[in-house]
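Dropping run01.tsv in here (TSV, C-alpha atoms):
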chain	number	residue	atom	x	y	z
A	243	MET	CA	-1.53	53.78	15.82
A	244	PRO	CA	2.16	54.39	15.07
A	245	LYS	CA	2.58	56.33	11.89
A	246	SER	CA	4.94	55.61	9.04
A	247	ALA	CA	7.95	57.87	8.84
A	248	GLN	CA	10.82	58.49	6.47
A	249	SER	CA	13.50	55.82	6.65
A	250	PHE	CA	16.90	56.55	8.12
A	251	GLY	CA	19.74	56.85	5.65
A	252	GLY	CA	23.46	56.44	5.93
A	253	SER	CA	24.53	53.56	8.09
A	254	ALA	CA	21.42	51.37	7.98
A	255	PHE	CA	21.83	48.15	6.08
A	256	GLY	CA	18.94	46.40	4.44
A	257	VAL	CA	17.36	43.06	3.75
A	258	SER	CA	15.33	42.64	0.59
A	259	SER	CA	12.66	40.09	-0.23
A	260	VAL	CA	11.72	39.23	3.35
A	261	ARG	CA	8.32	37.65	2.97
A	262	GLY	CA	5.34	38.84	4.93
A	263	LEU	CA	6.67	42.29	5.84
A	264	ARG	CA	4.44	45.20	4.92
A	265	ARG	CA	5.92	48.14	3.04
A	266	PRO	CA	5.60	51.53	4.78
A	267	SER	CA	3.07	54.07	3.61
A	268	PRO	CA	4.28	57.48	2.32
A	269	ALA	CA	6.52	59.17	4.87
A	270	ASP	CA	6.03	62.47	6.66
A	271	GLY	CA	9.78	62.95	7.26
A	272	ARG	CA	9.63	64.24	10.85
A	273	LEU	CA	10.99	61.17	12.58
A	274	ARG	CA	14.28	61.26	10.75
A	275	ARG	CA	15.25	64.45	12.58
A	276	LEU	CA	14.83	62.70	15.94
A	277	CYS	CA	17.98	60.66	15.49
A	278	PRO	CA	20.54	62.51	13.35
A	279	GLY	CA	23.35	60.50	14.91
A	280	MET	CA	22.13	57.28	13.32
A	281	THR	CA	23.12	58.37	9.83
A	282	ARG	CA	26.84	58.40	10.60
A	283	ALA	CA	28.99	58.52	13.70
A	284	ARG	CA	27.24	61.37	15.49
A	285	THR	CA	25.51	59.11	17.99
A	286	SER	CA	26.10	61.57	20.85
A	287	VAL	CA	23.54	63.86	19.23
A	288	TYR	CA	21.00	61.09	19.65
A	289	THR	CA	21.85	60.00	23.18
A	290	GLN	CA	22.32	63.50	24.60
A	291	GLY	CA	19.75	65.47	22.64
A	292	ILE	CA	16.07	66.30	22.98
A	293	ALA	CA	15.01	62.77	22.04
A	294	THR	CA	15.08	61.71	25.69
A	295	SER	CA	11.97	61.96	27.87
A	296	ALA	CA	10.06	60.16	30.60
A	297	LEU	CA	8.97	57.63	27.97
A	298	ALA	CA	12.41	57.02	26.46
A	299	PRO	CA	14.09	54.83	27.22
A	300	GLY	CA	11.26	52.60	28.31
A	301	PHE	CA	8.55	50.23	27.13
A	302	LEU	CA	5.10	50.62	25.69
A	303	VAL	CA	2.95	47.59	26.42
A	304	ALA	CA	-0.09	47.18	24.18
A	305	ALA	CA	-3.55	47.13	25.71
A	306	PRO	CA	-5.84	44.19	24.89
A	307	PRO	CA	-7.11	44.34	22.23
A	308	LEU	CA	-5.25	47.14	20.50
A	309	GLY	CA	-7.10	46.83	17.21
A	310	ASP	CA	-3.99	46.88	15.01
A	311	PRO	CA	-2.46	43.55	13.93
A	312	ASN	CA	0.97	45.16	13.70
A	313	PHE	CA	0.95	45.82	17.44
A	314	ASP	CA	-1.33	43.17	18.97
A	315	ARG	CA	0.16	42.02	22.31
A	316	SER	CA	3.30	43.94	21.49
A	317	VAL	CA	6.02	45.33	23.73
A	318	VAL	CA	7.76	48.34	22.18
A	319	LEU	CA	11.22	49.43	23.26
A	320	VAL	CA	11.06	53.23	22.98
A	321	ALA	CA	14.41	54.65	21.91
A	322	ALA	CA	13.45	58.29	21.35
A	323	HIS	CA	10.60	60.58	22.36
A	324	GLY	CA	10.50	64.32	22.01
A	325	GLU	CA	8.74	67.29	20.47
A	326	GLU	CA	9.08	65.86	16.99
A	327	GLY	CA	7.61	62.44	17.75
A	328	ALA	CA	8.77	59.04	18.95
A	329	PHE	CA	10.70	56.07	17.66
A	330	GLY	CA	11.11	52.48	18.82
A	331	TRP	CA	10.91	48.79	17.99
A	332	VAL	CA	8.53	45.98	18.77
A	333	ILE	CA	10.83	43.51	20.53
A	334	ASN	CA	8.43	40.56	20.72
A	335	GLY	CA	7.35	40.51	17.09
A	336	ARG	CA	7.20	37.31	15.08
A	337	GLU	CA	10.46	35.78	13.99
A	338	VAL	CA	11.15	36.11	10.27
A	339	MET	CA	14.54	34.42	10.08
A	340	THR	CA	17.51	33.42	12.18
A	341	LEU	CA	20.57	35.58	12.65
A	342	ALA	CA	22.52	33.06	10.61
A	343	GLU	CA	20.04	33.35	7.74
A	344	LEU	CA	20.35	37.14	7.90
A	345	LEU	CA	24.04	36.85	7.09
A	346	VAL	CA	23.13	34.95	3.95
A	347	HIS	CA	20.31	37.38	2.99
A	348	THR	CA	22.72	40.30	3.26
A	349	ALA	CA	25.37	38.44	1.21
A	350	ILE	CA	27.84	38.55	4.09
A	351	ALA	CA	27.97	34.74	4.24
A	352	LYS	CA	27.54	32.33	1.33
A	353	ALA	CA	26.34	29.45	3.52
A	354	VAL	CA	24.29	29.52	6.71
A	355	PRO	CA	26.81	29.74	9.59
A	356	ASP	CA	26.47	28.15	13.01
A	357	LEU	CA	25.00	31.11	14.92
A	358	VAL	CA	22.31	31.42	17.59
A	359	GLY	CA	19.86	34.31	17.48
A	360	SER	CA	16.64	35.48	15.86
A	361	VAL	CA	15.52	38.33	13.64
A	362	ARG	CA	12.04	39.65	14.43
A	363	VAL	CA	9.58	42.14	13.04
A	364	GLY	CA	10.42	45.44	14.74
A	365	GLY	CA	7.63	47.50	13.20
A	366	PRO	CA	5.81	48.33	9.98
A	367	VAL	CA	8.05	51.23	8.91
A	368	SER	CA	11.02	50.59	6.57
A	369	PRO	CA	10.96	46.79	6.85
A	370	GLU	CA	13.97	46.60	4.56
A	371	GLN	CA	16.13	48.02	7.35
A	372	VAL	CA	17.72	45.86	10.03
A	373	TRP	CA	18.72	46.89	13.54
A	374	LEU	CA	20.73	44.83	16.00
A	375	VAL	CA	20.07	45.12	19.73
A	376	TYR	CA	22.50	43.83	22.36
A	377	ARG	CA	23.88	44.48	25.83
A	378	GLU	CA	26.15	47.43	26.41
A	379	GLN	CA	28.84	45.14	27.82
A	380	ASP	CA	29.04	43.53	24.36
A	381	ARG	CA	29.86	46.77	22.54
A	382	PHE	CA	31.80	46.13	19.32
A	383	ARG	CA	35.23	47.71	19.05
A	384	ASP	CA	35.97	50.32	16.40
A	385	ILE	CA	32.36	50.67	15.23
A	386	GLU	CA	31.17	54.23	15.81
A	387	GLU	CA	27.56	53.83	14.72
A	388	GLN	CA	26.50	52.12	17.96
A	389	PHE	CA	24.19	54.13	20.18
A	390	GLN	CA	22.87	53.70	23.68
A	391	VAL	CA	19.13	53.14	23.75
A	392	GLY	CA	19.15	53.18	27.54
A	393	PRO	CA	21.32	51.98	30.43
A	394	GLY	CA	22.75	48.62	29.43
A	395	VAL	CA	21.17	48.50	25.95
A	396	LEU	CA	22.87	49.28	22.64
A	397	ALA	CA	21.55	49.24	19.09
A	398	CYS	CA	23.25	49.52	15.74
A	399	ALA	CA	22.27	49.55	12.08
A	400	SER	CA	25.79	49.24	10.69
A	401	ARG	CA	26.59	46.42	8.29
A	402	ARG	CA	30.01	46.24	9.91
A	403	VAL	CA	28.48	44.60	12.99
A	404	LEU	CA	27.21	41.72	10.88
A	405	GLU	CA	30.63	41.37	9.29
A	406	VAL	CA	32.20	41.07	12.75
A	407	ILE	CA	29.58	38.54	13.80
A	408	ALA	CA	30.23	36.46	10.71
A	409	GLY	CA	33.89	36.16	11.69
A	410	ASP	CA	33.83	36.13	15.49
A	411	GLY	CA	30.32	34.98	16.41
A	412	ALA	CA	27.47	36.85	18.09
A	413	PRO	CA	27.39	37.87	21.75
A	414	PRO	CA	24.74	36.22	23.92
A	415	ASN	CA	21.18	37.58	23.63
A	416	LEU	CA	21.85	39.72	20.55
A	417	PHE	CA	18.82	39.85	18.26
A	418	GLY	CA	17.84	41.56	15.04
A	419	LEU	CA	14.80	43.69	14.24
A	420	VAL	CA	13.47	44.48	10.77
A	421	GLY	CA	11.58	47.75	10.54
A	422	TYR	CA	10.57	50.08	13.34
A	423	ALA	CA	7.61	51.97	14.78
A	424	GLY	CA	7.26	55.75	14.64
A	425	TRP	CA	4.85	58.35	15.98
A	426	ALA	CA	4.23	61.90	14.79
A	427	PRO	CA	4.35	64.82	17.27
A	428	GLY	CA	1.71	64.38	19.97
A	429	GLN	CA	0.45	61.09	18.54
A	430	LEU	CA	1.95	58.80	21.16
A	431	GLU	CA	0.74	61.00	24.00
A	432	ASN	CA	-2.81	60.80	22.62
A	433	GLU	CA	-2.64	57.03	22.28
A	434	ILE	CA	-1.48	56.68	25.89
A	435	ARG	CA	-4.25	59.05	27.01
A	436	VAL	CA	-6.96	56.86	25.48
A	437	GLY	CA	-5.47	53.70	26.98
A	438	ALA	CA	-3.80	52.09	23.96
A	439	TRP	CA	-0.45	51.72	25.74
A	440	LEU	CA	0.85	51.12	29.24
A	441	PRO	CA	4.23	52.87	29.72
A	442	VAL	CA	6.69	50.71	31.69
A	443	GLU	CA	10.20	51.50	32.86
A	444	LEU	CA	13.15	49.99	31.02
A	445	ASP	CA	14.13	46.57	32.33
A	446	LEU	CA	17.11	44.68	30.89
A	447	GLY	CA	15.56	41.37	31.86
A	448	LEU	CA	12.57	42.08	29.64
A	449	VAL	CA	14.78	43.08	26.73
A	450	PHE	CA	17.16	40.14	26.80
A	451	ASP	CA	16.07	37.34	29.11
A	452	GLU	CA	12.34	36.73	28.76
A	453	PRO	CA	11.04	34.36	26.06
A	454	ARG	CA	9.48	36.28	23.20
A	455	ASP	CA	6.09	34.61	23.59
A	456	LYS	CA	5.97	35.43	27.33
A	457	LEU	CA	7.18	39.02	27.11
A	458	TRP	CA	3.80	40.80	26.87
A	459	GLN	CA	2.45	39.11	29.99
A	460	ARG	CA	5.75	39.55	31.86
A	461	ALA	CA	5.78	43.26	31.09
A	462	TYR	CA	2.39	43.67	32.75
A	463	GLU	CA	3.60	41.69	35.76
A	464	ARG	CA	6.66	43.94	36.09
A	465	ALA	CA	4.29	46.91	36.09
A	466	GLY	CA	2.28	45.32	38.92
A	467	THR	CA	-0.91	44.83	36.95
A	468	THR	CA	-2.60	42.58	34.39
A	469	PRO	CA	-3.85	43.29	30.87
A	470	MET	CA	-7.51	43.14	31.92
A	471	ALA	CA	-6.95	45.23	35.04
A	472	PHE	CA	-5.22	47.91	32.99
A	473	SER	CA	-8.02	47.96	30.42
A	474	SER	CA	-10.62	48.18	33.18
A	475	ARG	CA	-8.90	51.14	34.80
A	476	VAL	CA	-8.75	52.94	31.47
A	477	GLY	CA	-12.45	52.29	30.91
A	478	LEU	CA	-13.34	53.75	34.30
A	479	ALA	CA	-11.14	56.81	33.92
Entire entry expressed as structure tokens:
Amino acid sequence: MPKSAQSFGGSAFGVSSVRGLRRPSPADGRLRRLCPGMTRARTSVYTQGIATSALAPGFLVAAPPLGDPNFDRSVVLVAAHGEEGAFGWVINGREVMTLAELLVHTAIAKAVPDLVGSVRVGGPVSPEQVWLVYREQDRFRDIEEQFQVGPGVLACASRRVLEVIAGDGAPPNLFGLVGYAGWAPGQLENEIRVGAWLPVELDLGLVFDEPRDKLWQRAYERAGTTPMAFSSRVGLA
């Protein structure tokens, strides 16, 4: 299953004392080099570099049962995939707090503001880090650390985004993710080969419009199959 990797530095902001989130195991450091642009403003290195492949941007839909509680019935938004591994977030993980509560946890707001939006578990690696995912049309002005995950999808780990949200409100469908999922070189390809994941093309409707508890089933429907049919095909291969 996805392997722990060294946390990103620089622009990522953190949330401490979030109950129920597992700490990452010792890092191997490879994944950090996938996304050098995330540490500062060099996001073009990320979006134009070798981290793009047939799997990124796209989804990984977990096979039933996957055998790992961190990824059971999960849908992973793959942001980077290349020779040095892969990186992404579970986008239908359990909710750990609201977006409004996040502003309090990060000491940006003293009282819980009137905001709509959830913060979910994005993966077992670096659960102290928070990423915000939102539509490209809602790009924040004058914040360089935003990067394009895929057509129509942006992500950012800059604290400045939360500061803007605290003052101006959040755009529709924005959500937060704590932690991420990472794979070492060749690991993801092997997991797909043995039938652990069904790769699915990026779909904005799945990212932003589907209810979290329906997303796994909807992803299979968009791929034209069902969880059991996919598992059966893998077993016969």
**Q.** Between CA of Val420 (chain A) and CA of Gly327 (chain A) - distance in Å to one decimal
**A.**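 Separating CA of Gly327 (chain A) from CA of Val420 (chain A) is a distance of 20.1 Å.
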Q | Contact residues around region 339-345 of chain A with only C-alpha atoms at 6 Å, ignoring same-chain residues under 3 positions, as a list in words | A | Thr348, Ile350, Ala351, Val354, Pro355, Leu357, Gly359, Ser360 and Val361 of chain A
**Q.** 10 Å contact set for Pro393 (chain A), all atoms listed in the file, chain neighbours under 3 positions out, as an NGL selection string
**A.** :A and (299 or 377-378 or 390 or 396 or 444-446)
Could you write out that same residue set with C-alpha atoms as a PDB file, keeping the file's coordinate frame?
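Produced file out_20.pdb, reproduced below:
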ATOM      1  CA  PRO A 299      14.090  54.830  27.220  1.00  0.00           C
ATOM      2  CA  ARG A 377      23.880  44.480  25.830  1.00  0.00           C
ATOM      3  CA  GLU A 378      26.150  47.430  26.410  1.00  0.00           C
ATOM      4  CA  GLN A 390      22.870  53.700  23.680  1.00  0.00           C
ATOM      5  CA  LEU A 396      22.870  49.280  22.640  1.00  0.00           C
ATOM      6  CA  LEU A 444      13.150  49.990  31.020  1.00  0.00           C
ATOM      7  CA  ASP A 445      14.130  46.570  32.330  1.00  0.00           C
ATOM      8  CA  LEU A 446      17.110  44.680  30.890  1.00  0.00           C
TER       9      LEU A 446
END
Q: Tell me, in Å to one decimal, how far CA of Ser474 (chain A) is from CA of Pro311 (chain A).
A: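 Here the two named atoms are 21.4 Å from each other.
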Q | Distance in Å - CA of Gly421 (chain A) versus CA of Val332 (chain A) | A |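 That distance, rounded to one decimal, is 9.0 Å.
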**Q.** Proximity to Ser400 (chain A) - best of A:Thr467, A:Gln379, A:Gln371, A:Asn415, all atoms listed in the file
**A.**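 Comparing A:Thr467, A:Gln379, A:Gln371, A:Asn415 against Ser400 (chain A), the winner is A:Gln371.
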Q) Which one is closest to Leu440 (chain A): A:Leu297, A:Ala304, A:Glu387, A:Gly309? Count only C-alpha atoms. A)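 For Leu440 (chain A), the nearest of the given residues is A:Ala304.
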Q) In terms of the shortest atom-to-atom distance over all atoms listed in the file, which of A:Asp451, A:Glu443, A:Asp356, A:Asp314 is closest to Arg336 (chain A)? A)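 Using all atoms listed in the file, Arg336 (chain A) sits closest to A:Asp314.
Between Val318 (chain A) and the candidates A:Val372, A:Tyr422, A:Arg460, A:Glu386, the tightest atom-to-atom separation, counting only C-alpha atoms, involves A:Tyr422.
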Q) Which one is closest to Phe329 (chain A): A:Gly365, A:Ile385, A:Gly447, A:Gly392? Count only C-alpha atoms. A)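 Answer, going by the shortest atom-to-atom distance: A:Gly365.
Between Val358 (chain A) and the residues A:Val406, A:Leu416, A:Ala328, A:Ala438, the shortest atom-to-atom distance, using all atoms listed in the file, involves A:Leu416.
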Q. Taking (-0.5, 47.2, 15.7) in the file's coordinates as the center, which residues reach within 12 Å of it, counting all atoms listed in the file, put as a ChimeraX atom specification?
A. /A:243-245,302-318,331-332,335,363-367,422-424,438-439
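Taking all atoms listed in the file, the non-local environment of Val391 (chain A) within 9 Å (same-chain residues fewer than 4 positions away omitted) comprises A:Thr289, A:Ala298, A:Pro299, A:Leu319, A:Val320, A:Ala321, A:Ala322, A:Val395, A:Leu396, A:Ala397.
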Mind working out the centre and edge lengths of an axis-aligned box for region 321-339 of chain A, all listed atoms inside, 3 Å added to each side, rounded to one decimal in Å and written as JSON?
{"center_x": 10.9, "center_y": 50.9, "center_z": 16.2, "size_x": 13.3, "size_y": 38.9, "size_z": 18.3}
Atom completion result for region 450-471 of chain A (N, CA and C atoms) as a compact mmCIF listing (two decimals), in the frame of the given file:
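What follows is the written file selection-v6.txt:
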# COMPACT_ATOMS: atom_id res chain seq x y z
N PHE A 450 16.25 41.20 27.21
CA PHE A 450 17.16 40.14 26.80
C PHE A 450 16.85 38.74 27.33
N ASP A 451 16.15 38.64 28.44
CA ASP A 451 16.07 37.34 29.11
C ASP A 451 14.72 36.63 28.98
N GLU A 452 13.65 37.36 28.80
CA GLU A 452 12.34 36.73 28.76
C GLU A 452 12.07 36.11 27.39
N PRO A 453 11.43 34.94 27.35
CA PRO A 453 11.04 34.36 26.06
C PRO A 453 10.10 35.30 25.31
N ARG A 454 10.26 35.35 24.02
CA ARG A 454 9.48 36.28 23.20
C ARG A 454 7.98 36.10 23.39
N ASP A 455 7.52 34.85 23.49
CA ASP A 455 6.09 34.61 23.59
C ASP A 455 5.53 34.88 24.98
N LYS A 456 6.41 35.13 25.96
CA LYS A 456 5.97 35.43 27.33
C LYS A 456 6.13 36.91 27.67
N LEU A 457 6.74 37.66 26.78
CA LEU A 457 7.18 39.02 27.11
C LEU A 457 6.02 39.96 27.42
N TRP A 458 4.93 39.90 26.66
CA TRP A 458 3.80 40.80 26.87
C TRP A 458 3.23 40.62 28.27
N GLN A 459 2.99 39.38 28.67
CA GLN A 459 2.45 39.11 29.99
C GLN A 459 3.44 39.50 31.08
N ARG A 460 4.72 39.21 30.86
CA ARG A 460 5.75 39.55 31.86
C ARG A 460 5.86 41.06 32.04
N ALA A 461 5.69 41.81 30.98
CA ALA A 461 5.78 43.26 31.09
C ALA A 461 4.67 43.81 31.99
N TYR A 462 3.46 43.26 31.86
CA TYR A 462 2.39 43.67 32.75
C TYR A 462 2.69 43.29 34.20
N GLU A 463 3.26 42.12 34.40
CA GLU A 463 3.60 41.69 35.76
C GLU A 463 4.64 42.60 36.37
N ARG A 464 5.64 43.02 35.57
CA ARG A 464 6.66 43.94 36.09
C ARG A 464 6.04 45.29 36.47
N ALA A 465 4.97 45.65 35.78
CA ALA A 465 4.29 46.91 36.09
C ALA A 465 3.32 46.76 37.26
N GLY A 466 3.15 45.55 37.79
CA GLY A 466 2.28 45.32 38.92
C GLY A 466 0.81 45.29 38.57
N THR A 467 0.49 44.89 37.36
CA THR A 467 -0.91 44.83 36.95
C THR A 467 -1.11 43.68 35.97
N THR A 468 -2.29 43.58 35.40
CA THR A 468 -2.60 42.58 34.39
C THR A 468 -3.23 43.28 33.19
N PRO A 469 -3.24 42.65 32.03
CA PRO A 469 -3.85 43.29 30.87
C PRO A 469 -5.30 43.70 31.11
N MET A 470 -6.10 42.82 31.71
CA MET A 470 -7.51 43.14 31.92
C MET A 470 -7.69 44.22 32.97
N ALA A 471 -6.85 44.20 34.01
CA ALA A 471 -6.95 45.23 35.04
C ALA A 471 -6.60 46.59 34.46
